[in-house]
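**Student:** Have a look at this one before I ask anything.
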2 protein chains.
Amino acid sequence: MTVNEKIARLRLLMKRESIDTYIVSKSDPHQSEYTQEYWNQVKYISGFTGSAATVVITMNHAGLWTDGRYYIQAEQELAGSEFIMYGCTEPNVRDYDQFAADETQVGGTIGFNGDVMSTSQARAIQNLVRFKRISLNTDIDLIGEMWKDRPELSKSLIFNHHLRFCGVPRREKLAELRCRMKAGFADFYVISSIDDIAWLFNLRGNDMAYTTCFESYAVIDNKEAVLFVDLDKAVDVKDELEQDNVILLDIKEISSFLEEYTKNSGKKVVLINPRTVSHALLCKLKSCEIVERYVDLTASMKAVKNSVELYNLEDVNQRDGVAMVRFIIWLKENAGKGINEVDAAEKVTEFRRTGKNFVEPSFSTIAAYMSNAALMHYSAVKGACSEIKPLGVLLLDSGGSYYDGTTDITRTIVLGNISDELRHDYTLVLKSHISLADATFLYGVTGTNLDTFARMHMWKHNLDYKSGTGHGLGFFLNVHEGPHRISSIINDTVFEEDMIVTNEPGVYREGKHGIRIENTMQVVNHTENAFGRFMRFRIMSYCPIDLEGIIPELLTSDEKKWLNEYHKTVREKLNPHLLPEEREWLVSATDEI
Amino acid sequence: MTVNEKIARLRLLMKRESIDTYIVSKSDPHQSEYTQEYWNQVKYISGFTGSAATVVITMNHAGLWTDGRYYIQAEQELAGSEFIMYGCTEPNVRDYDQFAADETQVGGTIGFNGDVMSTSQARAIQNLVRFKRISLNTDIDLIGEMWKDRPELSKSLIFNHHLRFCGVPRREKLAELRCRMKAGFADFYVISSIDDIAWLFNLRGNDMAYTTCFESYAVIDNKEAVLFVDLDKAVDVKDELEQDNVILLDIKEISSFLEEYTKNSGKKVVLINPRTVSHALLCKLKSCEIVERYVDLTASMKAVKNSVELYNLEDVNQRDGVAMVRFIIWLKENAGKGINEVDAAEKVTEFRRTGKNFVEPSFSTIAAYMSNAALMHYSAVKGACSEIKPLGVLLLDSGGSYYDGTTDITRTIVLGNISDELRHDYTLVLKSHISLADATFLYGVTGTNLDTFARMHMWKHNLDYKSGTGHGLGFFLNVHEGPHRISSIINDTVFEEDMIVTNEPGVYREGKHGIRIENTMQVVNHTENAFGRFMRFRIMSYCPIDLEGIIPELLTSDEKKWLNEYHKTVREKLNPHLLPEEREWLVSATDEI
């Protein structure tokens, strides 16, 4: 079927169900960052392959909403179909839900599959339509009905994440979680966020690349912990979970379980996160008193790394730094000898793979030469990527997912001649990076306060970058992890001791170059006095920052001091693991300025 | 009656009403910053005279909650009574509402006067008690019943704020407000915030010192604007309001009006701010669809000053600067000649009063010598205040309420020898002040982002100040005005062009000294390019910053440049208005460093 034929077929099904407007979400039932192809209903109906999109179909209109990363790609992939693209990061473009509310007549019906729409999303739609007496039909899956060659869900086995890696037994995590539930007056807690569940039960899976999550739900009360997964995938961990009194049920039973569970026991107080619990699941909790938290209790717990995790991360980051040093040496030697961006991306993974405990890259490596790096989410494709020449810079943003931790690091590597503008931008990025890395801050502040440390140096030169400054990282889990982040956007999570976070300001000049310098940092206590408790960052990533990009006169003496001390640490940490010639290279790459 | 006798009497009334726990709020029905003595039920029942407090009385307990500013005062004023003080800014102290919920038995009753409790406060209590099946009785006023010699409400006349001062006719303000109401789907809007109402109708009054507000409500719909005030106070403005189609009703009629208004016209959508609309008023809106905004539409409108207001403010701030210069000259000449803090506070008002259009100080002047200034809300009292000696510093935080605008400025003035520590702190405060004053920032940021510009210099030295960095100012209205502010605390109001805001970082060392340097600033457009739209601040206050406090080596060349340019502007703006000998003083006080 062509896309237009699929739209026509969908409209027939909509008519059958008396639906005026149908919304198709790209999410899985857990609002995960990475999702299996099985859930990509947007791709099925529209042909659009980007990672973020929502579709709205009416009887005479087909619209697809995506963000600035995907405008060009969406225009190309939707060409020839009835679909109109809407840029949801553009001013004066209505959101998909506003559009759906506007385009549906008074008294009409909007339909969507409540399994893959979060409680928050469904509520936003409800708020927009209530004045128009529009009904919602959320108990249907019209795309699922049409989709004949739908991909299978993963059958990858779930495995135990060993205590020597993760540090705290699941029994202890459950006990701590129950304390927090009690403080929040919750009788039971429905968790839908799959990285939280993986962390809580010390389990990992392999449903998709770049994440070790597996599809799951969990229901926790004062006595029981029930884990819902595809039971076929749980054969290896079943016994151990049973020993820890975890009840295993099939993921298909979550709805009927909740119905039964809430029916037989009076009015209970249930805790949910409306951003991750689906509208469909919420409907099963109607008889309960609902307490909502926009940050899962488990997310707050897993964001603060335990001492075993931190010990492992120190080791992992040394291994990762060795791979990065080897990569930079290789790159500087081979630029201009026919290598391209894809070669570079493969090479850095190859170096990481020689280290201990490496599983896979922690995300799709960004190896972007010069102007390609100005596209913030550039992904080099074999056959259509740039050759790396012995001039300009390569931006390499990469990381490893190791059993004993996850890394994320970016270096912009100078390969030969660079323009004055590039050198100026590089130095500014470094100033921003150092400003945050070297910050002292009062306990109680959030990433919104901290963001200014980095961004003020950009603003001073009328520059900005359209991304956050930093994000939390999972431990052998998602490379992006909340609830904390460093961003201008309001976020009320306090930076706690032993949270970890990236520091990645950048300058992106369209058609010219992109520059980013990223390390991962740990939040540490600094001092306490009559004025309060003060915190600082400890840098966890070890890899030289290319001195060839810097205009030294633009750095203050404090900034030079920071850089020299950082480079001294890099030498101390990496030298023991390097070959003599690598060590020699590192000494000159980390020379004092 | 003694305080304990009053408590006993209140408990009898509570028993009569079957109330287990009674909460007494210090608020007026509008949650105003300044309130009339008539509303000070907390003072009546407890004897405590501070500006912030809430009382909870049970059958065997009497508690008073106040914040860090008032701990010492509260302990003194409550001594000898049954009252226990709770520090609501202390860790591990339950809030008054949590305390009330905990101390009331399952199935019991909590009472309070719903007229003086905001919708948000009442809702917080409701949320805390719902699991204990506690009932609320909010339709009573037990203190009012007891209070025999209650002060009268003000009868001060309401007057017109002339268009040459305020710039925009009330008809235009109402038209703009209706546009915004329409965009928010509101059929009508109930406004309880009294400074918003004064601004909207271009009216002012004199119910209390330091504010030109008058007690009022307003109800606005697509056709009508109804203003509720004490009609006796409105005789001078009645005709003009009628000409502008404003309906005047007595303030006592607000409840019955809303009951009638909502009864006769189907299900309407009403807009309210739950932080200022009282619980009692909300109860009258039960038949409506309620849309809530935590920032009044009027507050967003009045925060952006119009061109006439800005023109007037330029003039006002020059006049205010002249008064400040005269004050500083007087102070430096008279320190050590028997003057004290109260003399200084009176003197600055005297200098302001000689200028045009001055009405009164815009708040209670803080004139605090040395260690007194470390108490952030110090107020000098005749007979018990410090003498000003020819050494150390005086902190003077003061402002004028003029018909053509409101000012707020702080200088820390060096009177003779100062310690190295004081000089270091003074220089740090100046660095913080300049960092914010000289900031370039992306359009879209909030005061939470901006706060870091000032505070980072403090944090670097393990210092902090327990106050915000800046607040908005009313125009011949409250000196503190939202919705924007500069503070570490999360605030999501974007800084718009032509908002005005103070910049007032400080260092407060208990027992030693307090230092603050404050100017008022206007948000202005700076430039726009591919990276975004950038904003800066224009300084509106003109008064030298005391060079004698500075350690010049601690300032960067950019900071020195900023200070020299600011001082050049001060000379240019003030010189034309000064006497020759004052001009001479100013030249040396603003010498280049």
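Labels for the structure tokens follow display order: chains A, B, ..., residues from 1 in each chain, ligands from 1.
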For a quick test of understanding: name the residues of chain B lying within 7 Å of chain A when counting only C-alpha atoms, and present them as a ChimeraX atom specification.
**Tutor:** /B:440-442,445,448-449,452,459-460,462-464,488,490,492,531,534
**Student:** Run DSSP on the backbone of this structure and report the residues of region 69-207 of chain B it assigns to strand (DSSP E), as number ranges by chain.
**Tutor:** B: 84-87, 109-112, 135-137, 159-160, 188-191, 203-204
**Student:** List the neighbours of region 75-85 of chain B out to 7 Å using only C-alpha atoms; skip same-chain residues closer than 2 positions along the sequence, and give me the result as a list in words.
**Tutor:** Val3, Asn4, Ser46, Gly47, Phe48, Ala62, Gly63, Leu64, Trp65, Tyr71, Ile72, Gln73 and Gly87 of chain B
**Student:** Would you work out the distance separating CA of Glu152 (chain B) from CA of Glu5 (chain B), expressed in Å to one decimal?
**Tutor:** 23.5 Å
**Student:** Within 9 Å of region 215-220 of chain B, counting only C-alpha atoms, which residues show up once you throw out same-chain ones fewer than 2 positions away? Write them as a short mmCIF file (atom, residue, chain, number, x, y, z; two decimals) with N, CA and C atoms, in the first residue's frame, please.
**Tutor:**
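result.cif, written as the output of this step:
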```
data_model
loop_
_atom_site.label_atom_id
_atom_site.label_comp_id
_atom_site.auth_asym_id
_atom_site.auth_seq_id
_atom_site.Cartn_x
_atom_site.Cartn_y
_atom_site.Cartn_z
N PRO B 29 -8.01 39.75 52.74
CA PRO B 29 -8.71 38.87 51.79
C PRO B 29 -8.06 38.83 50.41
N HIS B 30 -7.01 39.62 50.20
CA HIS B 30 -6.37 39.72 48.89
C HIS B 30 -4.95 39.17 48.89
N LEU B 174 -8.36 47.75 29.67
CA LEU B 174 -9.46 46.77 29.72
C LEU B 174 -9.60 46.04 28.39
N LEU B 177 -6.85 43.55 28.16
CA LEU B 177 -7.12 42.45 29.09
C LEU B 177 -8.16 41.50 28.52
N ARG B 178 -9.19 42.07 27.88
CA ARG B 178 -10.24 41.21 27.30
C ARG B 178 -9.70 40.34 26.17
N ASP B 187 -14.65 33.39 30.08
CA ASP B 187 -15.84 34.24 29.94
C ASP B 187 -15.76 35.44 30.87
N PHE B 188 -15.27 35.20 32.08
CA PHE B 188 -15.07 36.33 32.99
C PHE B 188 -13.90 36.06 33.91
N TYR B 189 -13.47 37.12 34.56
CA TYR B 189 -12.20 37.10 35.30
C TYR B 189 -12.46 37.76 36.65
N VAL B 190 -12.16 37.06 37.72
CA VAL B 190 -12.30 37.63 39.06
C VAL B 190 -10.91 37.99 39.57
N ILE B 191 -10.67 39.28 39.77
CA ILE B 191 -9.36 39.74 40.22
C ILE B 191 -9.45 40.15 41.68
N SER B 192 -8.55 39.64 42.47
CA SER B 192 -8.54 39.95 43.91
C SER B 192 -7.28 40.71 44.30
N SER B 193 -6.28 40.71 43.43
CA SER B 193 -4.99 41.33 43.73
C SER B 193 -5.13 42.86 43.65
N ILE B 194 -4.92 43.55 44.78
CA ILE B 194 -5.31 44.97 44.83
C ILE B 194 -4.37 45.89 44.07
N ILE B 197 -5.55 45.73 40.48
CA ILE B 197 -6.79 46.49 40.26
C ILE B 197 -6.49 47.99 40.18
N ALA B 198 -5.63 48.47 41.08
CA ALA B 198 -5.25 49.90 41.05
C ALA B 198 -4.63 50.24 39.69
N GLY B 205 -4.98 54.83 46.07
CA GLY B 205 -5.62 55.15 47.34
C GLY B 205 -4.57 55.30 48.41
N ASP B 207 -4.81 53.38 51.77
CA ASP B 207 -5.29 52.58 52.90
C ASP B 207 -4.20 52.33 53.93
N CYS B 213 -2.27 51.21 47.18
CA CYS B 213 -3.42 50.35 46.88
C CYS B 213 -4.60 50.70 47.78
N ASN B 222 -16.70 40.16 28.99
CA ASN B 222 -16.53 40.70 27.64
C ASN B 222 -17.18 42.08 27.47
N LYS B 223 -18.23 42.33 28.26
CA LYS B 223 -18.94 43.61 28.14
C LYS B 223 -18.68 44.55 29.29
N GLU B 224 -18.69 43.99 30.50
CA GLU B 224 -18.69 44.85 31.68
C GLU B 224 -17.44 44.73 32.52
N ALA B 225 -17.17 45.84 33.19
CA ALA B 225 -16.09 45.84 34.18
C ALA B 225 -16.70 46.34 35.48
N VAL B 226 -16.72 45.48 36.49
CA VAL B 226 -17.33 45.84 37.77
C VAL B 226 -16.22 45.98 38.81
N LEU B 227 -16.19 47.13 39.46
CA LEU B 227 -15.17 47.40 40.47
C LEU B 227 -15.85 47.47 41.83
N PHE B 228 -15.34 46.68 42.78
CA PHE B 228 -15.89 46.62 44.14
C PHE B 228 -14.96 47.35 45.09
N VAL B 229 -15.45 48.45 45.66
CA VAL B 229 -14.67 49.17 46.68
C VAL B 229 -15.64 49.66 47.76
N ASP B 230 -15.10 50.18 48.83
CA ASP B 230 -15.92 50.89 49.80
C ASP B 230 -16.42 52.16 49.08
N ILE B 251 -17.86 46.91 48.13
CA ILE B 251 -17.01 45.73 48.28
C ILE B 251 -17.71 44.61 49.05
N ILE B 254 -19.48 41.66 46.87
CA ILE B 254 -18.80 40.77 45.94
C ILE B 254 -19.36 39.34 45.96
N LEU B 258 -21.36 37.59 42.82
CA LEU B 258 -20.86 36.40 42.11
C LEU B 258 -21.90 35.28 42.11
#
```
**Student:** Record the distance separating CA of Ala368 (chain B) and CA of Asp397 (chain B), expressed in Å with one decimal.
**Tutor:**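 According to the coordinates, CA of Ala368 (chain B) and CA of Asp397 (chain B) are separated by 8.7 Å.
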**Student:** I'd like the contact shell of Ile418 (chain B) - 7 Å cut-off, only C-alpha atoms, skipping same-chain residues fewer than 4 positions apart - returned as a list of chain:residue names.
**Tutor:**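 Returned residues: B:Leu391, B:Gly392, B:Leu422, B:Arg423.
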**Student:** Can those selected residues be exported to a file as a JSON list (two decimals), in the first residue's frame so that it contains N, CA and C atoms?
**Tutor:**
```
[["chain", "number", "residue", "atom", "x", "y", "z"],
["B", 391, "LEU", "N", 33.61, 55.74, 61.19],
["B", 391, "LEU", "CA", 34.36, 54.57, 60.73],
["B", 391, "LEU", "C", 33.37, 53.48, 60.35],
["B", 392, "GLY", "N", 33.81, 52.53, 59.55],
["B", 392, "GLY", "CA", 32.91, 51.48, 59.09],
["B", 392, "GLY", "C", 31.99, 51.98, 57.98],
["B", 422, "LEU", "N", 35.94, 43.56, 55.34],
["B", 422, "LEU", "CA", 34.82, 44.35, 54.84],
["B", 422, "LEU", "C", 35.12, 44.82, 53.42],
["B", 423, "ARG", "N", 36.33, 45.26, 53.21],
["B", 423, "ARG", "CA", 36.70, 45.75, 51.88],
["B", 423, "ARG", "C", 36.61, 44.62, 50.84]]
```
**Student:** I'd like the neighbourhood of Arg538 (chain A) as a ChimeraX atom specification, where a residue qualifies if any of its atoms comes within 9 Å (using only C-alpha atoms), though same-chain residues fewer than 4 positions away should be ignored.
**Tutor:** /A:437-438,520-524
**Student:** Do you know which residues are at most 12 Å from Gln105 (chain B) counting only C-alpha atoms, after dropping those on the same chain fewer than 6 positions away, and could you put them as a ChimeraX atom specification?
**Tutor:** /B:19-21,58-59,99,129,131-135
**Student:** For a test of reading the model, state the distance in Å between CA of Lys284 (chain B) and CA of Ile272 (chain B), rounded to one decimal.
**Tutor:**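 About the pair CA of Lys284 (chain B) and CA of Ile272 (chain B): they are 12.3 Å apart.
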**Student:** Would you list, as number ranges by chain, the residues of region 10-162 of chain B that end up in alpha helix (DSSP H) under DSSP run on this structure's backbone?
**Tutor:** B: 10-16, 41-46, 71-78, 96-103, 119-129, 142-146
